[in-house]
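Step one of this worksheet: look at the structure below.
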Amino acid sequence: MRIFCWLSCLCLLAALATSVGAAAPTVRADLLFVNGNVRTLDAARPQASAVAVAAGRILRVGTDAEVRAMAGSDARIVDLHGNTLLPGLADTHVHPAIGEYFNRRLCNVAGYTLEENFTRLARCAATAPAGDWVVAYGWYFTDNPHLSEVTLAQLDAAVPERKLLLIARDSHTVWVNSKTLAAYGITADTADPDGGSIGRDPVTKAPNGVLRDAAAWRVLLDVQHHSAYSVSTAELFLTAIPYLNSLGITSLFEALGDDDIEAAYQALDRAGQLSMHVSIGFAVAPDTYRKMIPKIAGKRAHQTPHVTVNFVKVLADGNGEDNLANILPGRGRPPMATHGYYTQPQMNELVRLAEAHGLSVYVHVIGDGTARQVIDAVAEARRHGPCPRCRHTLTHLQWIDPADMIRMKELHMIANLQEGWLAPRAIGGPAGYDYLKDTAAGPMGPALAAAMYPFRSLHEAGVPIAAGSDWFYTDENPWNDMEVGATSRDPGDAASTPMVPAQTLDVATLLAARTRVAAYQLFLERSTGTIAVGKRADLVVVDRDVLAVPPSTLHATRVLMTVFNGRVVHELAAGH
Ligand SMILES: [Zn+2]
């Protein structure tokens with residue numbers, strides 16, 4: 001497979017080279033797009049009307065006449081009817097298997113009131129597949145703070161006959177009923193496990209049906225592997241990847257990879273069914289990174305054509321809402337002053353070890369203290385020598401000190417942002433929910449609330465911006481996310497007050513963050529991310545010129561066609 005690809009690519013390039021100046025081109029296009037608005041994202045030729053594709057690669061970008069002249073005898077000619085052709089988009093922070101499982105396979109019971117929560121749970125129980133379990137997803141504390149008042153009796157009343165597992169939107173909390181507690185022997189005498197806790201009645205200490213983090217893992221694993229809800233990672237990818245294609249996505253960064261996820265992508269790729277460029281970030285922890293980094297580097301020797309390994313994924317602190325973000329001293333209120341999950345010497349060693357093995361780090365950074373810690377570690381590594389191949393990336397960046405933005409640029413680091421986080425829906429809460437006000441009043445305090453999501457500041461400091469959704473947790477639709485990034489309002493909610501208007505970005509920057517810059521972050525800039533001759537034909541046809549329409553209409557963008565490596569992988573039937 002790989003040898004064949006190499007041979008065909010070399011032949012194509014040789015043919016392209018010989019066609020320059022020759023009387024007639026030797027390669028004929030098999031797929032043509034004409035009569036369109038081609039936004040190439042390539043500074044050398046930003047706009048054109050037509051594109052020719054041959055053997056999966058872009059053969060020509062130009063006028064209709066120039067491109068039609070390249071057509072082979074049985075080429076498919078797509079009349080764009082003035083629609084817009086863009087490079088295929090990337091999602092540079094996504095968890096496709098878990099996103100598919102939680103959001104598209106489980107019953108969603110999200111709601112903003114307890115009544116809604118329980119009505120949806122009852123409906124879910126009534127339609128659950130036959131078996132021992134009722135499994136649901138989606139309750140969330142910021143959607144509805146009254147969820148903390150839910151009692152075990154209410155959960156038992158909603159699902160009396162079968163075991164219940166209800167997973168919170170952020171997956172850190174689950175609710176179970178008495179049947180589940182009994183099946184797992186969880187009682188007033190059960191101790192909290194390391195890294196987790198059992199919710200309890202304050203007087204009797206009896207479990208109240210809430211399990212957090214490690215306390216829920218046995219239940220989650222059982223449901224995933226031994227229930228009517230069981231499904232393999234490979235089966236999830238079989239529907240998740242085409243679904244992401246249908247949104248216009250042709251490249252992704254798997255933000256929490258492990259051996260099972262890698263094997264599932266590779267199996268699909270070997271079967272010719274992986275319609276996505278995949279870069280896997282393999283997770284490490286403070287007690288595993290020394291052992292894991294050489295192992296991750298070793299994986300590069302046996303990758304399949306569309307799966308690459310360039311990153312170590314590092315979870316360096318927790319979330320602001322849980323008081324687990326690493327905030328610099330003097331910012332926020334006292335409970336916020338946690339120190340993250342790594343010491344500075346550990347982070348220094350981790351970065352140098354990754355670099356020594358040809359890997360970059362991709363770090364979950366919420367607090368400004370963590371941003372500084374990682375930047376200090378990269379600066380320390382630079383004192384020992386250059387690293388031209390490094391693409392160290394900080395993801396989320398809910399807070400970062402302005403001085404550290406300049407250092408990120410100087411150290412050639414990349415900011416990986418979730419554009420969709422600039423509006424309240426990503427955080428939760430009913431329409432009109434004021435996350436900033438809530439944050440200012442809580443333990444984070446007004447100074448941190450005002451400094452949240454410094455997206456435009458990073459851009460203005462010259463830091464390259466790549467973007468991704470962080471699906472399962474937040475909206476996977478890139479057009480919704482771009483609208484939020486440009487407006488700081490929930491998609492389609494043009495009348496609401498923007499949440500962080502000072503940090504919105506222009507659509508051109510947001511589109512580059514999903515194409516050209518994203519491809520650079522993923523080490524794919526030579527093969528994708530712009531529409532240019534010789535690159536892979538990863539293309540998306542949409543029904544509007546996203547760079548010209550009002551940003552508040554981006555959520556309504558319809559993806560008419562997605563092309564991966566020159567192959568049509570999504571096409572909306574005419575009339576839809
Ligand atoms: Zn994530």
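Starting from 1 in every chain, residues are counted up; chains themselves are A, B, ... following the order of the structure tokens, and ligands are numbered from 1 as listed.
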Check which residues fall inside 7 Å of ligand 1 when counting only C-alpha atoms and all ligand atoms, and print them as a VMD selection string. chain A and resid 93 to 95 255 470 to 471
Selection to disk with C-alpha atoms, as a compact mmCIF listing (two decimals), in the first residue's frame:
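Just written: out_8.txt:
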# COMPACT_ATOMS: atom_id res chain seq x y z
CA HIS A 93 -8.16 18.93 19.36
CA VAL A 94 -10.74 16.17 19.24
CA HIS A 95 -11.65 12.86 20.89
CA ALA A 255 -5.93 14.60 21.72
CA ASP A 470 -12.42 19.54 22.06
CA TRP A 471 -15.37 17.34 21.13
Could you produce a table of the residues of segment 252-339 of chain A lying within 12 Å of segment 383-392 of chain A, with the nearest pair of atoms per residue and their separation in Å rounded to one decimal, using only C-alpha atoms, ordered by chain and increasing residue number, as a Markdown table?
| residue | atom | partner | partner_atom | distance |
| --- | --- | --- | --- | --- |
| A:Gly281 | CA | A:His392 | CA | 11.9 |
| A:Asn310 | CA | A:Arg391 | CA | 8.9 |
| A:Phe311 | CA | A:His392 | CA | 8.4 |
| A:Val312 | CA | A:His392 | CA | 9.6 |
| A:Lys313 | CA | A:His392 | CA | 10.4 |
| A:Val314 | CA | A:His392 | CA | 11.1 |
Might you pull out every residue within 10 Å of Tyr342 of chain A, with only C-alpha atoms counted and same-chain residues fewer than 3 positions away left off, and present them as a short mmCIF file (atom, residue, chain, number, x, y, z; two decimals) with N, CA and C atoms, in the first residue's frame?
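Done, and the output landed in selection.cif:
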data_model
loop_
_atom_site.label_atom_id
_atom_site.label_comp_id
_atom_site.auth_asym_id
_atom_site.auth_seq_id
_atom_site.Cartn_x
_atom_site.Cartn_y
_atom_site.Cartn_z
N ALA A 285 1.94 10.73 31.89
CA ALA A 285 1.63 11.24 33.22
C ALA A 285 2.95 11.45 33.95
N PRO A 286 2.92 12.19 35.10
CA PRO A 286 4.18 12.45 35.81
C PRO A 286 4.96 11.18 36.16
N ASP A 287 4.25 10.09 36.44
CA ASP A 287 4.97 8.87 36.83
C ASP A 287 5.24 7.93 35.65
N VAL A 314 0.34 16.06 27.20
CA VAL A 314 0.65 16.26 28.62
C VAL A 314 -0.52 16.99 29.28
N LEU A 315 -1.07 16.41 30.32
CA LEU A 315 -2.12 17.07 31.10
C LEU A 315 -1.41 17.74 32.27
N ALA A 316 -1.20 19.07 32.18
CA ALA A 316 -0.31 19.72 33.14
C ALA A 316 -1.03 20.40 34.29
N ASP A 317 -2.33 20.64 34.15
CA ASP A 317 -3.11 21.11 35.30
C ASP A 317 -4.57 20.73 35.08
N HIS A 339 -0.66 24.08 42.11
CA HIS A 339 0.64 24.10 41.44
C HIS A 339 0.71 23.19 40.22
N PRO A 345 11.31 20.88 37.50
CA PRO A 345 12.34 19.94 36.98
C PRO A 345 11.72 18.81 36.16
N GLN A 346 10.55 18.32 36.57
CA GLN A 346 9.90 17.26 35.77
C GLN A 346 9.54 17.77 34.38
N MET A 347 8.95 18.97 34.32
CA MET A 347 8.53 19.51 33.02
C MET A 347 9.76 19.76 32.13
N ASN A 348 10.84 20.27 32.74
CA ASN A 348 12.07 20.49 31.97
C ASN A 348 12.56 19.17 31.38
N LEU A 350 10.83 16.42 30.87
CA LEU A 350 9.87 15.89 29.90
C LEU A 350 10.08 16.51 28.51
N THR A 370 0.72 27.29 34.63
CA THR A 370 1.12 26.16 33.80
C THR A 370 1.71 26.63 32.49
N GLN A 373 5.16 27.54 33.20
CA GLN A 373 5.99 26.37 33.49
C GLN A 373 6.47 25.70 32.19
N VAL A 374 5.56 25.53 31.24
CA VAL A 374 5.93 24.84 30.00
C VAL A 374 6.85 25.73 29.16
#
DSSP helix (DSSP H, G or I) residues within segment 43-235 of chain A, as a VMD selection string: chain A and resid 64 to 68 96 to 105 114 to 127 145 to 149 152 to 158 178 to 183 214 to 225 233 to 235
For Asn103 of chain A, find every residue with an atom within 12 Å (counting only C-alpha atoms), except residues of its own chain fewer than 2 positions away, and show them as a PDB file with C-alpha atoms, in the first residue's frame.
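Once written, out.pdb looks like this:
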ATOM      1  CA  HIS A  95     -11.648  12.860  20.893  1.00  0.00           C
ATOM      2  CA  PRO A  96     -13.606  11.161  18.087  1.00  0.00           C
ATOM      3  CA  ALA A  97     -14.291   7.780  19.722  1.00  0.00           C
ATOM      4  CA  ILE A  98     -15.596   9.147  22.978  1.00  0.00           C
ATOM      5  CA  GLY A  99     -17.340  12.002  21.164  1.00  0.00           C
ATOM      6  CA  GLU A 100     -19.174   9.488  19.012  1.00  0.00           C
ATOM      7  CA  TYR A 101     -19.997   7.247  21.963  1.00  0.00           C
ATOM      8  CA  ARG A 105     -24.658   6.534  20.657  1.00  0.00           C
ATOM      9  CA  LEU A 106     -25.942   7.289  24.160  1.00  0.00           C
ATOM     10  CA  CYS A 107     -29.252   8.855  25.017  1.00  0.00           C
ATOM     11  CA  ASN A 108     -28.716  12.605  25.681  1.00  0.00           C
ATOM     12  CA  VAL A 109     -30.556  13.772  28.800  1.00  0.00           C
ATOM     13  CA  ALA A 110     -29.137  17.312  29.110  1.00  0.00           C
ATOM     14  CA  ALA A 136     -27.408   8.116  29.474  1.00  0.00           C
ATOM     15  CA  TYR A 137     -25.241  11.185  28.979  1.00  0.00           C
ATOM     16  CA  GLY A 138     -25.360  14.916  29.360  1.00  0.00           C
ATOM     17  CA  ILE A 167     -22.516  10.351  32.647  1.00  0.00           C
ATOM     18  CA  ALA A 168     -22.076  14.107  33.168  1.00  0.00           C
ATOM     19  CA  ARG A 169     -21.186  16.179  30.122  1.00  0.00           C
ATOM     20  CA  ASP A 170     -17.568  16.606  31.254  1.00  0.00           C
ATOM     21  CA  SER A 171     -17.419  12.867  32.203  1.00  0.00           C
ATOM     22  CA  LEU A 236     -16.986   4.004  16.784  1.00  0.00           C
ATOM     23  CA  ALA A 240     -17.367   9.059  13.738  1.00  0.00           C
ATOM     24  CA  TYR A 243     -19.549  12.185  10.453  1.00  0.00           C
ATOM     25  CA  TRP A 471     -15.375  17.344  21.131  1.00  0.00           C
ATOM     26  CA  PHE A 472     -16.692  15.169  23.036  1.00  0.00           C
ATOM     27  CA  TYR A 473     -17.007  17.991  25.487  1.00  0.00           C
ATOM     28  CA  THR A 474     -17.811  20.950  23.220  1.00  0.00           C
ATOM     29  CA  ASP A 475     -19.362  21.568  19.817  1.00  0.00           C
ATOM     30  CA  GLU A 476     -17.736  19.542  17.036  1.00  0.00           C
TER      31      GLU A 476
END
Using atom CA of Leu554 of chain A and atom CA of Ala495 of chain A as the two end points, give the distance in Å to one decimal. 15.1 Å
Please identify the strand (DSSP E or B) residues within segment 131-299 of chain A (assignment by DSSP from backbone atoms) and present them as a ChimeraX atom specification. /A:133-137,163-167,173-176,196-200,207-213,249-257,277-284
Could you state the separation of atom CA of Ile58 of chain A and atom CA of Leu268 of chain A in Å, given to one decimal place? 24.6 Å
Give me the residues near Gly462 of chain A as a PDB file with C-alpha atoms, in the first residue's frame, where near means some atom within 10 Å (using only C-alpha atoms) and where sequence neighbours in that chain fewer than 2 positions away do not count.
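Final output, saved to selection.pdb:
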ATOM      1  CA  MET A 405       2.703  35.383  24.911  1.00  0.00           C
ATOM      2  CA  ILE A 406       5.799  37.162  23.559  1.00  0.00           C
ATOM      3  CA  MET A 408       5.699  31.770  22.999  1.00  0.00           C
ATOM      4  CA  LYS A 409       6.238  33.616  19.743  1.00  0.00           C
ATOM      5  CA  GLU A 410      10.003  33.855  20.268  1.00  0.00           C
ATOM      6  CA  HIS A 412       8.124  29.240  17.953  1.00  0.00           C
ATOM      7  CA  ILE A 414       1.783  27.269  18.796  1.00  0.00           C
ATOM      8  CA  ARG A 456      -6.952  37.936  20.193  1.00  0.00           C
ATOM      9  CA  SER A 457      -4.109  38.926  22.522  1.00  0.00           C
ATOM     10  CA  LEU A 458      -2.198  35.784  21.515  1.00  0.00           C
ATOM     11  CA  HIS A 459      -2.813  36.499  17.852  1.00  0.00           C
ATOM     12  CA  GLU A 460      -1.691  40.121  18.210  1.00  0.00           C
ATOM     13  CA  PRO A 464       0.451  31.095  15.442  1.00  0.00           C
ATOM     14  CA  ILE A 465      -3.162  30.111  16.189  1.00  0.00           C
TER      15      ILE A 465
END
Give me the residues within 6 Å of segment 530-535 of chain A as an NGL selection string, counting only C-alpha atoms and dropping any in the same chain fewer than 6 places off. :A and (40-42 or 57-60 or 87 or 516)
A straight line from atom CA of Leu448 of chain A to atom CA of Val351 of chain A spans 27.9 Å
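For the choices A:Pro202, A:Gly88, A:Gly257, A:Gly420, the atom-to-atom distance to Ser279 of chain A is smallest for A:Gly257 when using only C-alpha atoms.
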Residue neighbourhood Leu274 of chain A, 9 Å, only C-alpha atoms, exclusion window fewer than 5 positions, as a PyMOL selection string: chain A and resi 237-238+241-242+265-269+306
With C-alpha atoms retained, write the just-selected residues as a PDB file, in the first residue's frame.
ATOM      1  CA  PHE A 237     -14.497   5.334  14.224  1.00  0.00           C
ATOM      2  CA  LEU A 238     -16.467   3.705  11.408  1.00  0.00           C
ATOM      3  CA  ILE A 241     -14.905   9.673  10.897  1.00  0.00           C
ATOM      4  CA  PRO A 242     -17.555   9.936   8.125  1.00  0.00           C
ATOM      5  CA  TYR A 265      -7.004   3.971  13.356  1.00  0.00           C
ATOM      6  CA  GLN A 266      -4.354   1.718  11.833  1.00  0.00           C
ATOM      7  CA  ALA A 267      -6.830  -1.098  11.185  1.00  0.00           C
ATOM      8  CA  LEU A 268      -9.160   1.311   9.382  1.00  0.00           C
ATOM      9  CA  ASP A 269      -6.259   2.749   7.403  1.00  0.00           C
ATOM     10  CA  HIS A 306      -2.604   8.423   7.122  1.00  0.00           C
TER      11      HIS A 306
END
